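A.B. asks: Input structure: data_27.cif, which contains mmCIF, C-alpha atoms and all ligand atoms.
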```cif
data_coords
#
loop_
_atom_site.group_PDB
_atom_site.id
_atom_site.type_symbol
_atom_site.label_atom_id
_atom_site.label_comp_id
_atom_site.auth_asym_id
_atom_site.auth_seq_id
_atom_site.Cartn_x
_atom_site.Cartn_y
_atom_site.Cartn_z
ATOM 1 C CA MET L 1 -210.534 -30.884 -63.270
ATOM 2 C CA SER L 2 -212.719 -33.333 -61.437
ATOM 3 C CA THR L 3 -211.021 -35.805 -59.143
ATOM 4 C CA TRP L 4 -214.086 -38.106 -59.109
ATOM 5 C CA THR L 5 -213.566 -41.554 -60.559
ATOM 6 C CA THR L 6 -216.407 -43.236 -62.396
ATOM 7 C CA THR L 7 -217.056 -45.444 -59.383
ATOM 8 C CA GLU L 8 -217.068 -42.503 -57.003
ATOM 9 C CA LYS L 9 -219.558 -40.683 -59.223
ATOM 10 C CA LYS L 10 -221.988 -43.571 -59.085
ATOM 11 C CA PRO L 11 -224.647 -42.908 -56.493
ATOM 12 C CA VAL L 12 -223.933 -45.092 -53.486
ATOM 13 C CA ARG L 13 -226.895 -47.227 -52.459
ATOM 14 C CA LYS L 14 -227.689 -47.225 -48.773
ATOM 15 C CA LYS L 15 -228.071 -50.572 -47.041
ATOM 16 C CA VAL L 16 -231.742 -51.548 -46.757
ATOM 17 C CA THR L 17 -232.774 -52.145 -43.134
ATOM 18 C CA ILE L 18 -236.012 -52.880 -41.291
ATOM 19 C CA HIS L 19 -236.356 -49.108 -40.859
ATOM 20 C CA THR L 20 -236.150 -48.569 -44.627
ATOM 21 C CA LEU L 21 -238.991 -51.045 -45.108
ATOM 22 C CA MET L 22 -241.124 -49.518 -42.340
ATOM 23 C CA GLU L 23 -240.506 -46.063 -43.767
ATOM 24 C CA LYS L 24 -241.617 -47.214 -47.222
ATOM 25 C CA LYS L 25 -244.841 -48.640 -45.762
ATOM 26 C CA ALA L 26 -245.484 -45.408 -43.859
ATOM 27 C CA LYS L 27 -244.954 -43.307 -47.008
ATOM 28 C CA GLY L 28 -246.966 -45.672 -49.216
ATOM 29 C CA GLU L 29 -243.901 -46.423 -51.356
ATOM 30 C CA LYS L 30 -243.947 -49.920 -52.809
ATOM 31 C CA ILE L 31 -241.310 -52.389 -51.636
ATOM 32 C CA THR L 32 -239.544 -54.430 -54.327
ATOM 33 C CA PHE L 33 -238.731 -58.042 -53.569
ATOM 34 C CA LEU L 34 -237.318 -60.941 -55.617
ATOM 35 C CA THR L 35 -235.794 -64.338 -55.043
ATOM 36 C CA ALA L 36 -232.134 -65.064 -55.853
ATOM 37 C CA TYR L 37 -230.080 -68.193 -55.352
ATOM 38 C CA ASP L 38 -226.635 -67.271 -56.693
ATOM 39 C CA TYR L 39 -224.012 -64.527 -56.697
ATOM 40 C CA PRO L 40 -224.500 -63.039 -60.208
ATOM 41 C CA THR L 41 -228.293 -62.795 -59.967
ATOM 42 C CA ALA L 42 -228.057 -61.278 -56.488
ATOM 43 C CA ALA L 43 -225.467 -58.753 -57.728
ATOM 44 C CA ILE L 44 -227.785 -57.574 -60.541
ATOM 45 C CA GLU L 45 -230.774 -57.348 -58.190
ATOM 46 C CA ASP L 46 -228.742 -55.271 -55.728
ATOM 47 C CA GLU L 47 -227.405 -53.127 -58.586
ATOM 48 C CA VAL L 48 -230.904 -52.280 -59.877
ATOM 49 C CA GLY L 49 -232.038 -51.446 -56.350
ATOM 50 C CA ILE L 50 -234.286 -54.329 -55.311
ATOM 51 C CA ASP L 51 -235.116 -53.771 -51.608
ATOM 52 C CA LEU L 52 -235.526 -57.335 -50.412
ATOM 53 C CA ILE L 53 -233.986 -60.553 -51.700
ATOM 54 C CA LEU L 54 -235.277 -63.946 -50.613
ATOM 55 C CA VAL L 55 -233.023 -66.959 -50.875
ATOM 56 C CA GLY L 56 -236.187 -69.002 -51.269
ATOM 57 C CA ASP L 57 -236.552 -72.714 -50.787
ATOM 58 C CA SER L 58 -238.034 -72.503 -54.303
ATOM 59 C CA LEU L 59 -234.390 -73.171 -55.227
ATOM 60 C CA GLY L 60 -235.448 -76.807 -54.802
ATOM 61 C CA MET L 61 -237.297 -76.526 -58.115
ATOM 62 C CA CYS L 62 -235.420 -73.657 -59.790
ATOM 63 C CA VAL L 63 -231.873 -74.850 -59.110
ATOM 64 C CA TYR L 64 -231.992 -78.519 -58.104
ATOM 65 C CA GLY L 65 -234.871 -79.715 -60.306
ATOM 66 C CA PHE L 66 -236.900 -81.188 -57.430
ATOM 67 C CA ASP L 67 -240.679 -81.483 -57.741
ATOM 68 C CA SER L 68 -241.310 -79.513 -54.543
ATOM 69 C CA THR L 69 -239.533 -77.569 -51.802
ATOM 70 C CA LEU L 70 -239.657 -80.496 -49.377
ATOM 71 C CA PRO L 71 -236.242 -82.064 -50.161
ATOM 72 C CA VAL L 72 -234.397 -78.758 -49.589
ATOM 73 C CA THR L 73 -231.936 -78.955 -46.678
ATOM 74 C CA MET L 74 -230.347 -76.421 -44.334
ATOM 75 C CA ASP L 75 -226.953 -77.062 -45.957
ATOM 76 C CA MET L 76 -228.351 -76.080 -49.364
ATOM 77 C CA MET L 77 -229.907 -72.935 -47.886
ATOM 78 C CA VAL L 78 -226.640 -72.022 -46.155
ATOM 79 C CA ASN L 79 -224.544 -72.402 -49.320
ATOM 80 C CA HIS L 80 -226.904 -70.385 -51.505
ATOM 81 C CA SER L 81 -227.499 -67.727 -48.835
ATOM 82 C CA LYS L 82 -223.730 -67.146 -48.568
ATOM 83 C CA ALA L 83 -223.488 -66.590 -52.334
ATOM 84 C CA VAL L 84 -226.466 -64.218 -52.395
ATOM 85 C CA ARG L 85 -225.215 -62.215 -49.419
ATOM 86 C CA LYS L 86 -221.863 -61.786 -51.165
ATOM 87 C CA GLY L 87 -223.537 -60.595 -54.368
ATOM 88 C CA ALA L 88 -226.013 -58.272 -52.676
ATOM 89 C CA PRO L 89 -224.412 -56.327 -49.840
ATOM 90 C CA ASN L 90 -227.072 -53.586 -49.826
ATOM 91 C CA SER L 91 -230.391 -55.372 -50.267
ATOM 92 C CA PHE L 92 -232.139 -56.833 -47.204
ATOM 93 C CA VAL L 93 -231.374 -60.541 -47.663
ATOM 94 C CA ILE L 94 -233.723 -63.134 -46.163
ATOM 95 C CA GLY L 95 -232.815 -66.786 -45.792
ATOM 96 C CA ASP L 96 -235.787 -69.116 -46.159
ATOM 97 C CA MET L 97 -236.094 -71.803 -43.503
ATOM 98 C CA PRO L 98 -236.518 -75.149 -45.268
ATOM 99 C CA TYR L 99 -238.952 -77.927 -44.411
ATOM 100 C CA LEU L 100 -238.320 -79.509 -40.971
ATOM 101 C CA SER L 101 -235.731 -76.895 -39.991
ATOM 102 C CA TYR L 102 -238.239 -75.217 -37.625
ATOM 103 C CA GLN L 103 -241.306 -77.450 -37.356
ATOM 104 C CA ILE L 104 -239.797 -80.019 -34.962
ATOM 105 C CA SER L 105 -238.971 -77.815 -31.981
ATOM 106 C CA VAL L 106 -238.468 -74.223 -30.899
ATOM 107 C CA GLU L 107 -234.805 -75.011 -30.099
ATOM 108 C CA GLN L 108 -234.113 -76.347 -33.585
ATOM 109 C CA ALA L 109 -235.883 -73.353 -35.092
ATOM 110 C CA VAL L 110 -233.619 -70.921 -33.215
ATOM 111 C CA ALA L 111 -230.473 -72.942 -33.978
ATOM 112 C CA ASN L 112 -231.239 -73.135 -37.709
ATOM 113 C CA ALA L 113 -232.261 -69.494 -37.994
ATOM 114 C CA GLY L 114 -229.028 -68.692 -36.152
ATOM 115 C CA ARG L 115 -227.019 -70.698 -38.709
ATOM 116 C CA LEU L 116 -228.390 -68.550 -41.539
ATOM 117 C CA MET L 117 -227.481 -65.385 -39.624
ATOM 118 C CA GLN L 118 -224.090 -66.542 -38.319
ATOM 119 C CA GLU L 119 -222.746 -68.499 -41.313
ATOM 120 C CA CYS L 120 -224.291 -66.485 -44.150
ATOM 121 C CA GLY L 121 -224.778 -62.995 -42.740
ATOM 122 C CA VAL L 122 -228.390 -62.730 -43.905
ATOM 123 C CA ASP L 123 -230.537 -59.913 -42.488
ATOM 124 C CA GLY L 124 -233.445 -62.116 -41.470
ATOM 125 C CA VAL L 125 -235.232 -65.418 -42.016
ATOM 126 C CA LYS L 126 -238.625 -66.490 -43.354
ATOM 127 C CA LEU L 127 -240.803 -69.330 -42.143
ATOM 128 C CA GLU L 128 -244.212 -70.600 -43.179
ATOM 129 C CA GLY L 129 -247.262 -70.886 -40.934
ATOM 130 C CA GLY L 130 -249.535 -68.852 -38.678
ATOM 131 C CA LEU L 131 -250.691 -69.251 -35.080
ATOM 132 C CA GLU L 132 -248.943 -72.613 -34.704
ATOM 133 C CA MET L 133 -245.612 -70.932 -35.456
ATOM 134 C CA ALA L 134 -246.027 -67.994 -33.057
ATOM 135 C CA ASP L 135 -243.751 -69.612 -30.434
ATOM 136 C CA ARG L 136 -240.998 -70.117 -33.070
ATOM 137 C CA VAL L 137 -241.313 -66.518 -34.213
ATOM 138 C CA GLN L 138 -241.089 -65.301 -30.615
ATOM 139 C CA ALA L 139 -238.019 -67.403 -29.818
ATOM 140 C CA ILE L 140 -236.150 -66.544 -33.041
ATOM 141 C CA THR L 141 -236.958 -62.854 -32.577
ATOM 142 C CA LYS L 142 -235.712 -63.078 -28.977
ATOM 143 C CA ALA L 143 -232.403 -64.321 -30.400
ATOM 144 C CA GLY L 144 -232.169 -61.028 -32.305
ATOM 145 C CA ILE L 145 -233.166 -62.422 -35.684
ATOM 146 C CA PRO L 146 -235.796 -60.597 -37.789
ATOM 147 C CA VAL L 147 -238.522 -63.002 -38.983
ATOM 148 C CA MET L 148 -240.760 -62.718 -42.030
ATOM 149 C CA GLY L 149 -243.944 -64.794 -41.751
ATOM 150 C CA HIS L 150 -245.574 -66.547 -44.724
ATOM 151 C CA LEU L 151 -249.348 -67.109 -44.939
ATOM 152 C CA GLY L 152 -251.871 -68.230 -47.538
ATOM 153 C CA LEU L 153 -250.550 -70.859 -49.907
ATOM 154 C CA THR L 154 -247.633 -72.240 -47.922
ATOM 155 C CA PRO L 155 -245.836 -74.698 -50.239
ATOM 156 C CA GLN L 156 -244.246 -76.741 -47.417
ATOM 157 C CA SER L 157 -247.754 -77.761 -46.305
ATOM 158 C CA ALA L 158 -249.327 -77.979 -49.779
ATOM 159 C CA SER L 159 -250.371 -81.557 -49.071
ATOM 160 C CA MET L 160 -252.385 -80.431 -46.017
ATOM 161 C CA LEU L 161 -253.934 -77.627 -48.098
ATOM 162 C CA GLY L 162 -255.048 -80.101 -50.763
ATOM 163 C CA GLY L 163 -252.538 -78.899 -53.375
ATOM 164 C CA PHE L 164 -251.241 -75.624 -54.759
ATOM 165 C CA LYS L 165 -254.498 -73.683 -54.539
ATOM 166 C CA ALA L 166 -255.411 -70.097 -53.740
ATOM 167 C CA GLN L 167 -256.372 -69.656 -50.079
ATOM 168 C CA GLY L 168 -258.712 -67.356 -48.103
ATOM 169 C CA LYS L 169 -261.516 -67.496 -50.656
ATOM 170 C CA ASN L 170 -264.456 -67.603 -48.241
ATOM 171 C CA VAL L 171 -265.335 -65.505 -45.202
ATOM 172 C CA ASP L 172 -264.119 -68.049 -42.614
ATOM 173 C CA ALA L 173 -260.837 -68.687 -44.400
ATOM 174 C CA ALA L 174 -260.280 -64.940 -44.917
ATOM 175 C CA LEU L 175 -261.021 -64.160 -41.243
ATOM 176 C CA LYS L 176 -258.601 -66.934 -40.214
ATOM 177 C CA LEU L 177 -255.875 -65.414 -42.386
ATOM 178 C CA MET L 178 -256.472 -62.002 -40.797
ATOM 179 C CA GLU L 179 -256.256 -63.536 -37.337
ATOM 180 C CA GLU L 180 -253.047 -65.386 -38.236
ATOM 181 C CA ALA L 181 -251.447 -62.217 -39.628
ATOM 182 C CA LYS L 182 -252.269 -60.416 -36.364
ATOM 183 C CA ALA L 183 -250.817 -63.287 -34.328
ATOM 184 C CA LEU L 184 -247.587 -63.268 -36.366
ATOM 185 C CA GLU L 185 -247.219 -59.508 -35.935
ATOM 186 C CA GLU L 186 -247.831 -59.832 -32.192
ATOM 187 C CA ALA L 187 -245.271 -62.659 -32.002
ATOM 188 C CA GLY L 188 -242.657 -60.286 -33.423
ATOM 189 C CA CYS L 189 -242.601 -60.770 -37.216
ATOM 190 C CA VAL L 190 -241.033 -57.774 -38.972
ATOM 191 C CA SER L 191 -243.034 -58.478 -42.127
ATOM 192 C CA ILE L 192 -245.385 -61.045 -43.628
ATOM 193 C CA LEU L 193 -245.529 -62.608 -47.084
ATOM 194 C CA LEU L 194 -249.002 -63.431 -48.397
ATOM 195 C CA GLU L 195 -249.168 -66.017 -51.174
ATOM 196 C CA ALA L 196 -252.069 -66.739 -53.516
ATOM 197 C CA ILE L 197 -254.984 -65.060 -51.752
ATOM 198 C CA PRO L 198 -257.679 -62.691 -53.100
ATOM 199 C CA ALA L 199 -256.506 -59.091 -53.531
ATOM 200 C CA GLU L 200 -259.251 -57.712 -51.265
ATOM 201 C CA VAL L 201 -258.328 -60.059 -48.411
ATOM 202 C CA ALA L 202 -254.671 -59.021 -48.757
ATOM 203 C CA GLN L 203 -255.821 -55.388 -48.712
ATOM 204 C CA LEU L 204 -257.680 -55.876 -45.402
ATOM 205 C CA ILE L 205 -254.569 -57.476 -43.875
ATOM 206 C CA THR L 206 -252.223 -54.801 -45.273
ATOM 207 C CA GLU L 207 -254.378 -51.928 -44.002
ATOM 208 C CA ARG L 208 -254.544 -53.397 -40.495
ATOM 209 C CA ALA L 209 -250.881 -54.414 -40.184
ATOM 210 C CA ASN L 210 -248.213 -52.189 -38.676
ATOM 211 C CA ILE L 211 -245.506 -54.158 -40.478
ATOM 212 C CA PRO L 212 -244.834 -54.393 -44.232
ATOM 213 C CA ILE L 213 -247.016 -56.946 -46.023
ATOM 214 C CA LEU L 214 -245.502 -58.405 -49.185
ATOM 215 C CA GLY L 215 -247.522 -60.269 -51.751
ATOM 216 C CA ILE L 216 -247.091 -62.961 -54.389
ATOM 217 C CA GLY L 217 -250.375 -63.619 -56.113
ATOM 218 C CA ALA L 218 -252.027 -61.412 -53.485
ATOM 219 C CA GLY L 219 -252.980 -58.431 -55.639
ATOM 220 C CA PRO L 220 -251.843 -54.816 -55.873
ATOM 221 C CA TYR L 221 -252.729 -53.506 -52.399
ATOM 222 C CA CYS L 222 -249.858 -55.115 -50.486
ATOM 223 C CA ASP L 223 -246.938 -52.932 -49.368
ATOM 224 C CA GLY L 224 -244.717 -54.680 -51.916
ATOM 225 C CA GLN L 225 -244.478 -57.491 -54.437
ATOM 226 C CA VAL L 226 -242.267 -60.535 -54.796
ATOM 227 C CA LEU L 227 -241.773 -62.955 -57.685
ATOM 228 C CA VAL L 228 -239.550 -65.969 -58.167
ATOM 229 C CA VAL L 229 -236.811 -64.531 -60.371
ATOM 230 C CA HIS L 230 -236.715 -67.580 -62.676
ATOM 231 C CA ASP L 231 -240.447 -67.106 -63.399
ATOM 232 C CA LEU L 232 -240.008 -63.393 -64.112
ATOM 233 C CA LEU L 233 -237.066 -64.069 -66.440
ATOM 234 C CA GLY L 234 -238.695 -66.992 -68.231
ATOM 235 C CA PHE L 235 -235.771 -69.180 -67.189
ATOM 236 C CA PHE L 236 -236.469 -72.891 -67.127
ATOM 237 C CA GLY L 237 -239.967 -72.734 -65.579
ATOM 238 C CA GLY L 238 -242.293 -75.647 -66.212
ATOM 239 C CA HIS L 239 -245.773 -74.680 -65.051
ATOM 240 C CA VAL L 240 -246.024 -70.958 -64.339
ATOM 241 C CA ALA L 241 -248.656 -69.733 -61.864
ATOM 242 C CA LYS L 242 -251.464 -67.319 -62.883
ATOM 243 C CA PHE L 243 -249.905 -64.512 -60.831
ATOM 244 C CA VAL L 244 -246.571 -64.512 -62.664
ATOM 245 C CA LYS L 245 -245.709 -61.839 -65.183
ATOM 246 C CA GLN L 246 -242.876 -62.909 -67.450
ATOM 247 C CA TYR L 247 -240.626 -59.932 -68.254
ATOM 248 C CA ALA L 248 -238.131 -61.824 -70.431
ATOM 249 C CA ASN L 249 -237.687 -65.139 -72.192
ATOM 250 C CA MET L 250 -234.291 -66.303 -71.015
ATOM 251 C CA ASN L 251 -234.938 -69.864 -72.198
ATOM 252 C CA GLU L 252 -235.154 -68.591 -75.757
ATOM 253 C CA ILE L 253 -232.049 -66.386 -75.419
ATOM 254 C CA ILE L 254 -229.988 -69.171 -73.833
ATOM 255 C CA GLU L 255 -231.173 -71.821 -76.295
ATOM 256 C CA LYS L 256 -230.255 -69.569 -79.226
ATOM 257 C CA ALA L 257 -226.772 -68.866 -77.835
ATOM 258 C CA LEU L 258 -226.055 -72.514 -76.998
ATOM 259 C CA THR L 259 -227.236 -73.720 -80.405
ATOM 260 C CA GLU L 260 -225.027 -71.137 -82.128
ATOM 261 C CA TYR L 261 -222.052 -72.210 -79.994
ATOM 262 C CA LYS L 262 -222.637 -75.898 -80.792
ATOM 263 C CA GLU L 263 -222.864 -75.161 -84.525
ATOM 264 C CA GLU L 264 -219.731 -72.996 -84.513
ATOM 265 C CA VAL L 265 -217.678 -75.607 -82.624
ATOM 266 C CA GLU L 266 -218.861 -78.274 -85.043
ATOM 267 C CA SER L 267 -218.109 -76.111 -88.102
ATOM 268 C CA GLY L 268 -214.753 -74.861 -86.758
ATOM 269 C CA ALA L 269 -215.924 -71.218 -86.804
ATOM 270 C CA PHE L 270 -215.144 -71.036 -83.078
ATOM 271 C CA PRO L 271 -212.550 -70.309 -81.819
ATOM 272 C CA ALA L 272 -211.573 -67.580 -84.312
ATOM 273 C CA PRO L 273 -208.092 -65.906 -84.362
ATOM 274 C CA GLU L 274 -209.226 -63.239 -81.875
ATOM 275 C CA HIS L 275 -209.922 -65.945 -79.281
ATOM 276 C CA CYS L 276 -206.414 -67.433 -79.543
ATOM 277 C CA TYR L 277 -203.182 -66.572 -77.672
ATOM 278 C CA LYS L 278 -200.208 -65.610 -79.842
ATOM 279 C CA ILE L 279 -196.584 -66.699 -79.815
ATOM 280 C CA LYS L 280 -193.856 -64.576 -81.471
ATOM 281 C CA GLU L 281 -192.767 -65.812 -84.900
ATOM 282 C CA GLU L 282 -189.114 -66.310 -83.797
ATOM 283 C CA GLU L 283 -190.224 -68.299 -80.716
ATOM 284 C CA LEU L 284 -192.435 -70.430 -82.899
ATOM 285 C CA GLU L 285 -189.553 -71.011 -85.307
ATOM 286 C CA LYS L 286 -187.321 -72.126 -82.409
ATOM 287 C CA LEU L 287 -190.081 -74.349 -81.069
ATOM 288 C CA ARG L 288 -190.594 -75.995 -84.430
ATOM 289 C CA LYS L 289 -186.851 -76.630 -84.702
ATOM 290 C CA ALA L 290 -186.743 -78.061 -81.172
ATOM 291 C CA VAL L 291 -189.685 -80.336 -81.867
ATOM 292 C CA GLY L 292 -188.284 -81.247 -85.256
ATOM 293 C CA ASN L 293 -185.011 -82.379 -83.597
ATOM 294 C CA LYS L 294 -186.839 -84.813 -81.342
HETATM 295 O O1 LIG L 301 -239.364 -69.851 -51.689
HETATM 296 C C1 LIG L 301 -239.875 -68.942 -52.358
HETATM 297 O O2 LIG L 301 -239.431 -68.570 -53.440
HETATM 298 C C2 LIG L 301 -241.068 -68.295 -51.819
HETATM 299 C C3 LIG L 301 -241.887 -67.496 -52.780
HETATM 300 C C4 LIG L 301 -243.302 -67.574 -52.437
HETATM 301 C C5 LIG L 301 -241.425 -66.083 -52.870
HETATM 302 O O3 LIG L 301 -241.362 -68.421 -50.671
#
```
Could you quickly redo this structure as structure tokens?
C.D. replies:
Amino acid sequence: MSTWTTTEKKPVRKKVTIHTLMEKKAKGEKITFLTAYDYPTAAIEDEVGIDLILVGDSLGMCVYGFDSTLPVTMDMMVNHSKAVRKGAPNSFVIGDMPYLSYQISVEQAVANAGRLMQECGVDGVKLEGGLEMADRVQAITKAGIPVMGHLGLTPQSASMLGGFKAQGKNVDAALKLMEEAKALEEAGCVSILLEAIPAEVAQLITERANIPILGIGAGPYCDGQVLVVHDLLGFFGGHVAKFVKQYANMNEIIEKALTEYKEEVESGAFPAPEHCYKIKEEELEKLRKAVGNK
């Protein structure tokens, strides 16, 4: 007779590390990457084997209903990163550095990246920007913290870019992106996220990089792909970018369930007997007598 329990039988997933990601790039195996902002979503992503999870500052829009990522604070990132880490012990969890948590000075950048590591137990941090951020990347890396760079459409500087537009669409802009990717790698980045750039430009960067290159709206040639999980699930998105593929329509599912609940509460169909706690008949009899005597 087997002494295995169901849990023991389940294949145990190995913790994803920088080495896992480098190995996948070397073997040409695609890296899977999603955002998560809470415990249950992170737990499902870990369970299905997603390699990387980003606690993205996109939580500003997805969770808090802001119009952009700019109002997101370090405290918000810390709280959500703690929840995600707890839900996803095996995925490589990255805490996104919010606006003004690293732009002001190298010291603040290291201190804030350190908060995400120390208070939340994330595996690394992500920050936006190229050459101008090389000193931050160097200093954070020196503190023993893996850094993911972010190039192309960088939402924290959307105003400087003239809006949420694809980047790297002419030879000068593409060459600049390639140069920035090289600078980030040289500064110590363990990976780079490319957002909203032509597939062929992302391919040139991916082929030349020694670190994993992840893409969102950067075509199929990157070492891996990321999407904002709310976009993928069709959960509460307003405008959805061209590069999003929606794999479910959670809005529809949730709306249907909530409407049914509302109708059943109003009609008295919920709660039914199976949702109610029972009291023994003799106890009820005694209770009625006791109440009756008062
Ligand atoms: O914050 C975020 O969700 C991002 C996406 C581009 C993945 O940075």
A.B. asks: Which residues fall under the PyMOL selection byres (((chain L and resi 119) around 10) and not hetatm) in this file, as an MDAnalysis selection string?
C.D. replies: chainID L and resid 78:79 81:82 114:118 120:122
A.B. asks: I'd like the residues picked by the PyMOL selection byres (((chain L and resi 154) around 12) and not hetatm) written out as a PDB file with C-alpha atoms, keeping the file's coordinate frame, using the chain letters and numbers from the file.
C.D. replies:
```pdb
ATOM      1  CA  ASP L  57    -236.552 -72.714 -50.787  1.00  0.00           C
ATOM      2  CA  SER L  58    -238.034 -72.503 -54.303  1.00  0.00           C
ATOM      3  CA  SER L  68    -241.310 -79.513 -54.543  1.00  0.00           C
ATOM      4  CA  THR L  69    -239.533 -77.569 -51.802  1.00  0.00           C
ATOM      5  CA  LEU L  70    -239.657 -80.496 -49.377  1.00  0.00           C
ATOM      6  CA  PRO L  98    -236.518 -75.149 -45.268  1.00  0.00           C
ATOM      7  CA  TYR L  99    -238.952 -77.927 -44.411  1.00  0.00           C
ATOM      8  CA  LYS L 126    -238.625 -66.490 -43.354  1.00  0.00           C
ATOM      9  CA  LEU L 127    -240.803 -69.330 -42.143  1.00  0.00           C
ATOM     10  CA  GLU L 128    -244.212 -70.600 -43.179  1.00  0.00           C
ATOM     11  CA  GLY L 129    -247.262 -70.886 -40.934  1.00  0.00           C
ATOM     12  CA  GLY L 130    -249.535 -68.852 -38.678  1.00  0.00           C
ATOM     13  CA  GLY L 149    -243.944 -64.794 -41.751  1.00  0.00           C
ATOM     14  CA  HIS L 150    -245.574 -66.547 -44.724  1.00  0.00           C
ATOM     15  CA  LEU L 151    -249.348 -67.109 -44.939  1.00  0.00           C
ATOM     16  CA  GLY L 152    -251.871 -68.230 -47.538  1.00  0.00           C
ATOM     17  CA  LEU L 153    -250.550 -70.859 -49.907  1.00  0.00           C
ATOM     18  CA  PRO L 155    -245.836 -74.698 -50.239  1.00  0.00           C
ATOM     19  CA  GLN L 156    -244.246 -76.741 -47.417  1.00  0.00           C
ATOM     20  CA  SER L 157    -247.754 -77.761 -46.305  1.00  0.00           C
ATOM     21  CA  ALA L 158    -249.327 -77.979 -49.779  1.00  0.00           C
ATOM     22  CA  SER L 159    -250.371 -81.557 -49.071  1.00  0.00           C
ATOM     23  CA  MET L 160    -252.385 -80.431 -46.017  1.00  0.00           C
ATOM     24  CA  LEU L 161    -253.934 -77.627 -48.098  1.00  0.00           C
ATOM     25  CA  GLY L 162    -255.048 -80.101 -50.763  1.00  0.00           C
ATOM     26  CA  GLY L 163    -252.538 -78.899 -53.375  1.00  0.00           C
ATOM     27  CA  PHE L 164    -251.241 -75.624 -54.759  1.00  0.00           C
ATOM     28  CA  LYS L 165    -254.498 -73.683 -54.539  1.00  0.00           C
ATOM     29  CA  ALA L 166    -255.411 -70.097 -53.740  1.00  0.00           C
ATOM     30  CA  GLN L 167    -256.372 -69.656 -50.079  1.00  0.00           C
ATOM     31  CA  LEU L 193    -245.529 -62.608 -47.084  1.00  0.00           C
ATOM     32  CA  LEU L 194    -249.002 -63.431 -48.397  1.00  0.00           C
ATOM     33  CA  GLU L 195    -249.168 -66.017 -51.174  1.00  0.00           C
ATOM     34  CA  ALA L 196    -252.069 -66.739 -53.516  1.00  0.00           C
ATOM     35  CA  ILE L 197    -254.984 -65.060 -51.752  1.00  0.00           C
ATOM     36  CA  ILE L 216    -247.091 -62.961 -54.389  1.00  0.00           C
TER      37      ILE L 216
END
```
A.B. asks: I'd like the contact shell of Val137 in chain L - 8 Å cut-off, all atoms listed in the file, skipping same-chain residues fewer than 3 positions apart - returned as a list in words.
C.D. replies: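 Near Val137 in chain L, the qualifying residues are Met133, Ala134, Ile140, Thr141, Val147, Leu184, Ala187, Gly188 and Cys189 of chain L.
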A.B. asks: I'd like the residues picked by the PyMOL selection byres (((chain L and resi 243) around 10) and not hetatm) written out as a list in words, using the chain letters and numbers from the file.
C.D. replies: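 This file, filtered by the PyMOL selection byres (((chain L and resi 243) around 10) and not hetatm), leaves Glu195, Ala196, Ile216, Gly217, Ala218, Gly219, Leu227, Val240, Ala241, Lys242, Val244, Lys245 and Gln246 of chain L.
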A.B. asks: Please give the centre and size of the box around ligand LIG 301 (chain L) (axis-aligned, containing every atom listed in the file, 4 Å added per side), with values in Å to one decimal and written as lines of an AutoDock Vina configuration file.
C.D. replies:
```
center_x = -241.3
center_y = -68.0
center_z = -52.1
size_x = 11.9
size_y = 11.8
size_z = 10.8
```
A.B. asks: For a quick check of understanding, using all atoms listed in the file, which of L:Ile50, L:Val228, L:Val291, L:Ile205 has the smallest distance to ligand LIG 301 (chain L)?
C.D. replies: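 Distance minimum relative to ligand LIG 301 (chain L) lands on L:Val228.
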A.B. asks: If we count all atoms listed in the file, what is near range 250-259 of chain L at a cut-off of 8 Å, once residues fewer than 5 positions away on the same chain are taken out, given as a PyMOL selection string?
C.D. replies: chain L and resi 233-236
A.B. asks: What is the distance, in Å and to one decimal place, between CA of Gln203 in chain L and CA of Gly224 in chain L?
C.D. replies: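 One can read the CA of Gln203 in chain L to CA of Gly224 in chain L distance as 11.6 Å.
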A.B. asks: Let me make sure I understand: among L:Gly49, L:Gly215, L:Gly87, L:Pro11, which one has the smallest atom-to-atom distance to ligand LIG 301 (chain L) if we use all atoms listed in the file?
C.D. replies: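 Among the listed residues, L:Gly215 lies closest to ligand LIG 301 (chain L).
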A.B. asks: Just give me the residues with any atom within 10 Å of (-258.2, -58.7, -48.7), file coordinates, counting all atoms listed in the file, written as a ChimeraX atom specification.
C.D. replies: /L:168-169,174-175,177-178,197-207,218-219,221-222
A.B. asks: Convert the current residue selection to file output with C-alpha atoms, as a JSON list (two decimals), in the frame of the given file.
C.D. replies:
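Writing done, so here's out.json:
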```
[["chain", "number", "residue", "atom", "x", "y", "z"],
["L", 168, "GLY", "CA", -258.71, -67.36, -48.10],
["L", 169, "LYS", "CA", -261.52, -67.50, -50.66],
["L", 174, "ALA", "CA", -260.28, -64.94, -44.92],
["L", 175, "LEU", "CA", -261.02, -64.16, -41.24],
["L", 177, "LEU", "CA", -255.88, -65.41, -42.39],
["L", 178, "MET", "CA", -256.47, -62.00, -40.80],
["L", 197, "ILE", "CA", -254.98, -65.06, -51.75],
["L", 198, "PRO", "CA", -257.68, -62.69, -53.10],
["L", 199, "ALA", "CA", -256.51, -59.09, -53.53],
["L", 200, "GLU", "CA", -259.25, -57.71, -51.26],
["L", 201, "VAL", "CA", -258.33, -60.06, -48.41],
["L", 202, "ALA", "CA", -254.67, -59.02, -48.76],
["L", 203, "GLN", "CA", -255.82, -55.39, -48.71],
["L", 204, "LEU", "CA", -257.68, -55.88, -45.40],
["L", 205, "ILE", "CA", -254.57, -57.48, -43.88],
["L", 206, "THR", "CA", -252.22, -54.80, -45.27],
["L", 207, "GLU", "CA", -254.38, -51.93, -44.00],
["L", 218, "ALA", "CA", -252.03, -61.41, -53.48],
["L", 219, "GLY", "CA", -252.98, -58.43, -55.64],
["L", 221, "TYR", "CA", -252.73, -53.51, -52.40],
["L", 222, "CYS", "CA", -249.86, -55.12, -50.49]]
```
